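Engineer: For reference, the structure I am asking about is given below.
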Amino acid sequence: MTAFWAEPDFDAHELVQLVHDRASGLTAIIAVHSTYCGPGAGGTRFWHYENPAMAMRDCLRLSRGMSYKNAMAGLPMGGGKAVILADEQRIKTPEMLAAFGDAVEGLGGRYVTAEDVGITEADMVAVSQRTAHVSGLPVEGNGTAGGDPGPFTAYGIYLGIKAAVRHKLGRDSLSGVHVAVQGTGSVGGGVARLLARDGARLTLADINEARAASLAAELEGTAVSSESIMATACDVFSPNALGAILDDTGIAALDCAIVAGGANNQLARPEHGEKLAARGILYAPDYVINAGGIISVATEYLARRDGRMGDVADVNARVEQIPGRLEAIWQESDSSGVSSDVVADRMAQKLIGRG
Ligand code: NAD
């Protein structure tokens with residue numbers, strides 16, 4: 001068993017809970033990386049993994065990522081994550097969700113869950129029947145925090161892109177700045193709309209080509225194939241689809257000054273941050289620029305816990321701090337010569353008492 005504690009992905013997690021419920025067939029992992037800043041917060045992923053080791057690795061990495069993301073967003077929340085191991089048919093039953101809710105409740109608030117891949121708002125409502133340590137529940141009125149986090153994530157990315165353009169290109173306006181957006185879903189679509197309002201020139205791509213084409217028509221941009229978007233000559237490449245796109249091949253293909261987008265885990269391996277820097281490309285660390293969604297989710301949870309409603313104005317005020325954090329990271333990176341991803345990791349580690 002010593003091997004497990006020595007695994008790099010374990011990274012001194014405070015708690016890793018293996019859950020099995022015979023009656024419902026639920027098998028899950030709940031990982032709490034750090035509660036230094038507050039309860040470990042992060043969504044639940046419902047996914048079919050090739051084997052349990054892959055599920056464990058995913059859960060641990062995501063959980064640590066949440067510690068960093070929440071700390072850098074200035075939230076009084078730690079980091080955690082859960083995965084429910086789905087079978088090949090991905091069968092999800094109300095009994096499984098109830099058993100999962102019981103498991104979350106059993107941790108007494110050390111872990112707070114929300115939606116992630118494969119889990120819907122309705123699933124979270126079901127989980128909330130068994131535990132109060134849930135967020136991402138339906139919004140209860142206009143101006144109330146909660147609901148779909150996508151627009152808040154998009155707003156933070158838009159502000160982050162503006163900050164990057166100011167830092168790298170010395171331009172205060174986005175007018176005429178060319179942004180290539182990969183993925184035009186909830187986040188990428190929102191980012192593109194905000195950029196268009198400021199007069200940015202847009203090139204858009206999505207594997208759902210009709211989606212990219214209709215957004216391009218709406219925003220007077222250009223739609224290109226998803227194979228060519230990373231090589232588009234532009235000022236800003238904004239990844240808003242998949243993770244691990246910044247690998248050797250992806251970085252070599254880039255023809256931009258800035259990478260700033262919402263996809264999680266954009267760097268394929270840690271050394272790819274340095275490779276971007278070596279090419280003179282300014283990188284906005286993903287978990288810093290894409291924190292708008294968790295800011296919304298956490299605000300909703302904290303307000304409900306304190307018996308009040310969260311306010312959208314509070315969420316926006318916190319999201320508006322994202323550019324300042326990015327600027328601090330880039331300044332430190334410029335003065336130290338250390339790549340921005342490593343600077344961000346070091347700042348986050350300090351914030352969670354591990355610096
Ligand atoms: P989404 O499913 O709404 O949109 C993703 C889009 O990417 C889809 O339109 C899909 O067709 C497209 N896509 C998938 N593979 C592609 C490829 N190879 N090339 C081009 N397009 C491709 O998801 P979303 O909520 O917009 O999330 C996008 C990314 O942002 C994900 O990595 C997600 O983890 C991350 N993220 C989302 C939030 C949020 O609040 N929704 C918060 C933080 C991070």
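In the structure tokens, chains take letters A, B, ... by order of appearance, with residues numbered from 1 within each chain and ligands from 1 in the order shown.
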Find the spatial neighbours of Val224 (chain A), counting only C-alpha atoms, within a cut-off of 8 Å - ignore same-chain residues fewer than 5 positions away - and output them as a PyMOL selection string.

Structural biologist: chain A and resi 203-205+229

Engineer: The selected residues should be written to file as a compact mmCIF listing (two decimals), in the first residue's frame (atoms: N, CA, C and O atoms).

Structural biologist:
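Saved to part22.txt:
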```txt
# COMPACT_ATOMS: atom_id res chain seq x y z
N THR A 203 -12.56 33.74 -35.93
CA THR A 203 -12.55 32.51 -36.71
C THR A 203 -13.00 31.42 -35.75
O THR A 203 -12.47 31.32 -34.63
N LEU A 204 -13.98 30.62 -36.17
CA LEU A 204 -14.62 29.67 -35.26
C LEU A 204 -14.56 28.26 -35.81
O LEU A 204 -14.67 28.06 -37.03
N ALA A 205 -14.43 27.28 -34.91
CA ALA A 205 -14.47 25.88 -35.36
C ALA A 205 -15.12 25.02 -34.29
O ALA A 205 -14.97 25.28 -33.08
N ILE A 229 -8.17 24.80 -37.05
CA ILE A 229 -8.31 25.98 -36.17
C ILE A 229 -7.03 26.30 -35.41
O ILE A 229 -6.66 27.46 -35.23
```

Engineer: Contacts of region 173-186 of chain A at 6 Å or less, counting only C-alpha atoms, minus same-chain residues fewer than 3 places along, as a VMD selection string?

Structural biologist: chain A and resid 150 189 198 to 206 234 to 241

Engineer: Please determine, counting only C-alpha atoms and all ligand atoms, which residue among A:Asp341, A:Glu218, A:Asp247, A:Glu115 has the shortest atom-to-atom distance to ligand 1.

Structural biologist: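 Ranking A:Asp341, A:Glu218, A:Asp247, A:Glu115 by distance to ligand 1, first place goes to A:Glu115.
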
Engineer: Looking at only C-alpha atoms, which of A:Ser34, A:Asn264, A:Thr44, A:Ser340 is the one that sits closest to Arg110 (chain A)?

Structural biologist: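 Nearest to Arg110 (chain A): A:Ser34.
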
Engineer: Could you name the residues that touch Gly293 (chain A) at 10 Å or less, counting only C-alpha atoms, but leaving out those on the same chain fewer than 2 positions away, as a compact mmCIF listing (two decimals) with N, CA, C and O atoms, in the first residue's frame?

Structural biologist:
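File produced: out-v3.txt:
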```txt
# COMPACT_ATOMS: atom_id res chain seq x y z
N GLY A 136 -25.04 23.85 -7.71
CA GLY A 136 -25.44 23.67 -9.10
C GLY A 136 -26.90 23.28 -9.21
O GLY A 136 -27.31 22.59 -10.14
N GLY A 146 -26.44 30.97 -9.30
CA GLY A 146 -26.72 29.55 -9.50
C GLY A 146 -27.08 29.28 -10.94
O GLY A 146 -26.95 30.15 -11.80
N GLY A 147 -27.53 28.06 -11.21
CA GLY A 147 -27.89 27.70 -12.58
C GLY A 147 -26.67 27.45 -13.44
O GLY A 147 -25.58 27.19 -12.94
N ASP A 148 -26.85 27.54 -14.76
CA ASP A 148 -25.79 27.22 -15.72
C ASP A 148 -24.55 28.08 -15.49
O ASP A 148 -24.60 29.31 -15.62
N PRO A 149 -23.42 27.44 -15.19
CA PRO A 149 -22.20 28.24 -14.94
C PRO A 149 -21.53 28.74 -16.22
O PRO A 149 -20.68 29.62 -16.17
N GLY A 150 -21.95 28.20 -17.39
CA GLY A 150 -21.29 28.52 -18.66
C GLY A 150 -21.13 30.02 -18.92
O GLY A 150 -20.02 30.48 -19.24
N PRO A 151 -22.19 30.82 -18.78
CA PRO A 151 -22.06 32.25 -19.07
C PRO A 151 -21.04 32.96 -18.17
O PRO A 151 -20.34 33.88 -18.62
N PHE A 152 -20.92 32.53 -16.91
CA PHE A 152 -19.94 33.16 -16.01
C PHE A 152 -18.52 32.75 -16.40
O PHE A 152 -17.59 33.55 -16.33
N THR A 153 -18.39 31.49 -16.82
CA THR A 153 -17.08 31.04 -17.30
C THR A 153 -16.69 31.86 -18.53
O THR A 153 -15.56 32.36 -18.64
N ALA A 154 -17.64 32.04 -19.43
CA ALA A 154 -17.37 32.79 -20.67
C ALA A 154 -16.99 34.24 -20.35
O ALA A 154 -16.05 34.79 -20.94
N TYR A 155 -17.68 34.85 -19.40
CA TYR A 155 -17.40 36.25 -19.04
C TYR A 155 -15.96 36.37 -18.51
O TYR A 155 -15.21 37.28 -18.90
N GLY A 156 -15.54 35.45 -17.66
CA GLY A 156 -14.17 35.48 -17.13
C GLY A 156 -13.14 35.30 -18.23
O GLY A 156 -12.09 35.96 -18.22
N VAL A 187 -19.42 27.52 -23.40
CA VAL A 187 -18.37 28.48 -23.06
C VAL A 187 -17.85 29.20 -24.31
O VAL A 187 -17.85 30.43 -24.37
N ASN A 290 -10.61 30.17 -16.31
CA ASN A 290 -11.94 29.56 -16.48
C ASN A 290 -12.70 29.38 -15.16
O ASN A 290 -13.61 28.56 -15.07
N ALA A 291 -12.34 30.19 -14.14
CA ALA A 291 -12.93 30.00 -12.81
C ALA A 291 -14.33 30.60 -12.64
O ALA A 291 -14.95 30.43 -11.60
N ILE A 295 -16.98 30.01 -9.48
CA ILE A 295 -17.31 31.17 -8.65
C ILE A 295 -18.83 31.27 -8.49
O ILE A 295 -19.35 31.47 -7.38
N SER A 296 -19.54 31.03 -9.57
CA SER A 296 -21.01 31.07 -9.51
C SER A 296 -21.54 29.94 -8.62
O SER A 296 -22.38 30.16 -7.74
N VAL A 297 -21.02 28.75 -8.86
CA VAL A 297 -21.49 27.56 -8.12
C VAL A 297 -21.20 27.71 -6.62
O VAL A 297 -22.05 27.42 -5.77
N ALA A 298 -20.00 28.20 -6.29
CA ALA A 298 -19.61 28.33 -4.88
C ALA A 298 -20.43 29.42 -4.20
O ALA A 298 -20.84 29.28 -3.04
N THR A 299 -20.68 30.51 -4.92
CA THR A 299 -21.47 31.61 -4.34
C THR A 299 -22.86 31.10 -3.99
O THR A 299 -23.40 31.41 -2.92
N VAL A 315 -21.25 37.47 -7.85
CA VAL A 315 -20.52 36.55 -8.74
C VAL A 315 -19.72 37.36 -9.75
O VAL A 315 -18.52 37.13 -9.94
N VAL A 319 -15.74 37.45 -10.55
CA VAL A 319 -15.22 37.09 -11.89
C VAL A 319 -14.35 38.22 -12.42
O VAL A 319 -13.33 37.98 -13.08
```

Engineer: For Gln89 (chain A), which residue out of A:Thr27, A:Trp47, A:Met56, A:Ser336 is the nearest one, using only C-alpha atoms?

Structural biologist: A:Trp47

Engineer: Quick one: everything within 8 Å of Ile161 (chain A), counting only C-alpha atoms, minus sequence neighbours fewer than 4 positions away in the same chain. Send it as a list in words.

Structural biologist: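 Skipping anything fewer than 4 positions along the chain leaves Ile157, Val165, Val236, Ala260 and Gly261 of chain A.
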
Engineer: Mind writing the picked residues with N, CA, C and O atoms as a compact mmCIF listing (two decimals), in the first residue's frame?

Structural biologist:
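To be explicit, this is the file written out as again06.txt:
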```txt
# COMPACT_ATOMS: atom_id res chain seq x y z
N ILE A 157 -13.43 34.45 -19.18
CA ILE A 157 -12.48 34.22 -20.28
C ILE A 157 -12.37 35.47 -21.16
O ILE A 157 -11.28 35.87 -21.56
N VAL A 165 -4.47 40.64 -24.18
CA VAL A 165 -4.21 41.51 -25.34
C VAL A 165 -3.51 42.78 -24.88
O VAL A 165 -2.58 43.28 -25.52
N VAL A 236 -5.04 35.67 -30.97
CA VAL A 236 -5.37 34.87 -29.78
C VAL A 236 -5.97 33.54 -30.23
O VAL A 236 -6.92 33.53 -31.02
N ALA A 260 -5.54 31.67 -24.68
CA ALA A 260 -6.39 32.01 -23.54
C ALA A 260 -7.79 31.46 -23.80
O ALA A 260 -8.51 31.96 -24.66
N GLY A 261 -8.15 30.41 -23.09
CA GLY A 261 -9.47 29.81 -23.29
C GLY A 261 -9.89 28.98 -22.09
O GLY A 261 -9.13 28.82 -21.12
```

Engineer: Just give me the gap between CA of Ile207 (chain A) and CA of Leu85 (chain A) in Å, one decimal is fine.

Structural biologist: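 If I compute the distance from CA of Ile207 (chain A) to CA of Leu85 (chain A), I get 26.7 Å.
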
Engineer: One number please: CA of Gly353 (chain A) to CA of Cys37 (chain A), in Å, one decimal.

Structural biologist: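 Going from CA of Gly353 (chain A) over to CA of Cys37 (chain A) covers 8.8 Å.
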
Engineer: What does the structure give for the distance between atom 36 (N, counted along the ligand's line) of ligand 1 and CA of Val104 (chain A), in Å to one decimal?

Structural biologist: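 Result for atom 36 (N, counted along the ligand's line) of ligand 1 versus CA of Val104 (chain A): 23.2 Å, one decimal.
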
Engineer: Would you pick out the contacts of Trp330 (chain A) at 9 Å or less, using only C-alpha atoms, so that residues sharing its chain but fewer than 3 positions from it are not included, and give the list as a list in words?

Structural biologist: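 Surrounding residues, per the criterion: Ala164, His167, Leu282, Tyr283, Ala284, Arg325, Leu326, Glu327, Ser333, Asp334, Ser335, Ser339, Ser340 and Val343 of chain A.
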
Engineer: Write out as a PyMOL selection string all residues of region 24-189 of chain A that DSSP puts in helix (DSSP H, G or I) for this structure's backbone.

Structural biologist: chain A and resi 52-72+94-106+121-127+150-169+186-189

Engineer: Set the distance at 12 Å and use only C-alpha atoms: which residues neighbour Gly25 (chain A) once local chain neighbours fewer than 4 positions away are removed? I'd like the list as a VMD selection string.

Structural biologist: chain A and resid 19 to 21 84 to 87 91 to 100

Engineer: Using only C-alpha atoms and all ligand atoms, which of A:Ala53, A:Ile258, A:Ala192, A:Met309 sits nearest ligand 1?

Structural biologist: A:Ala192

Engineer: Got a sec to tell me which of region 181-346 of chain A DSSP assigns to strand (DSSP E or B), as a list in words?

Structural biologist: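 Residues meeting the strand (DSSP E or B) criterion: Val181, Gln182, Arg201, Leu202, Thr203, Leu204, Ala205, Thr222, Ala223, Ala233, Val236, Phe237, Ser238, Pro239, Leu246, Asp255, Ile258, Val259, Leu267, Leu282, Tyr283 and Asp311 of chain A.
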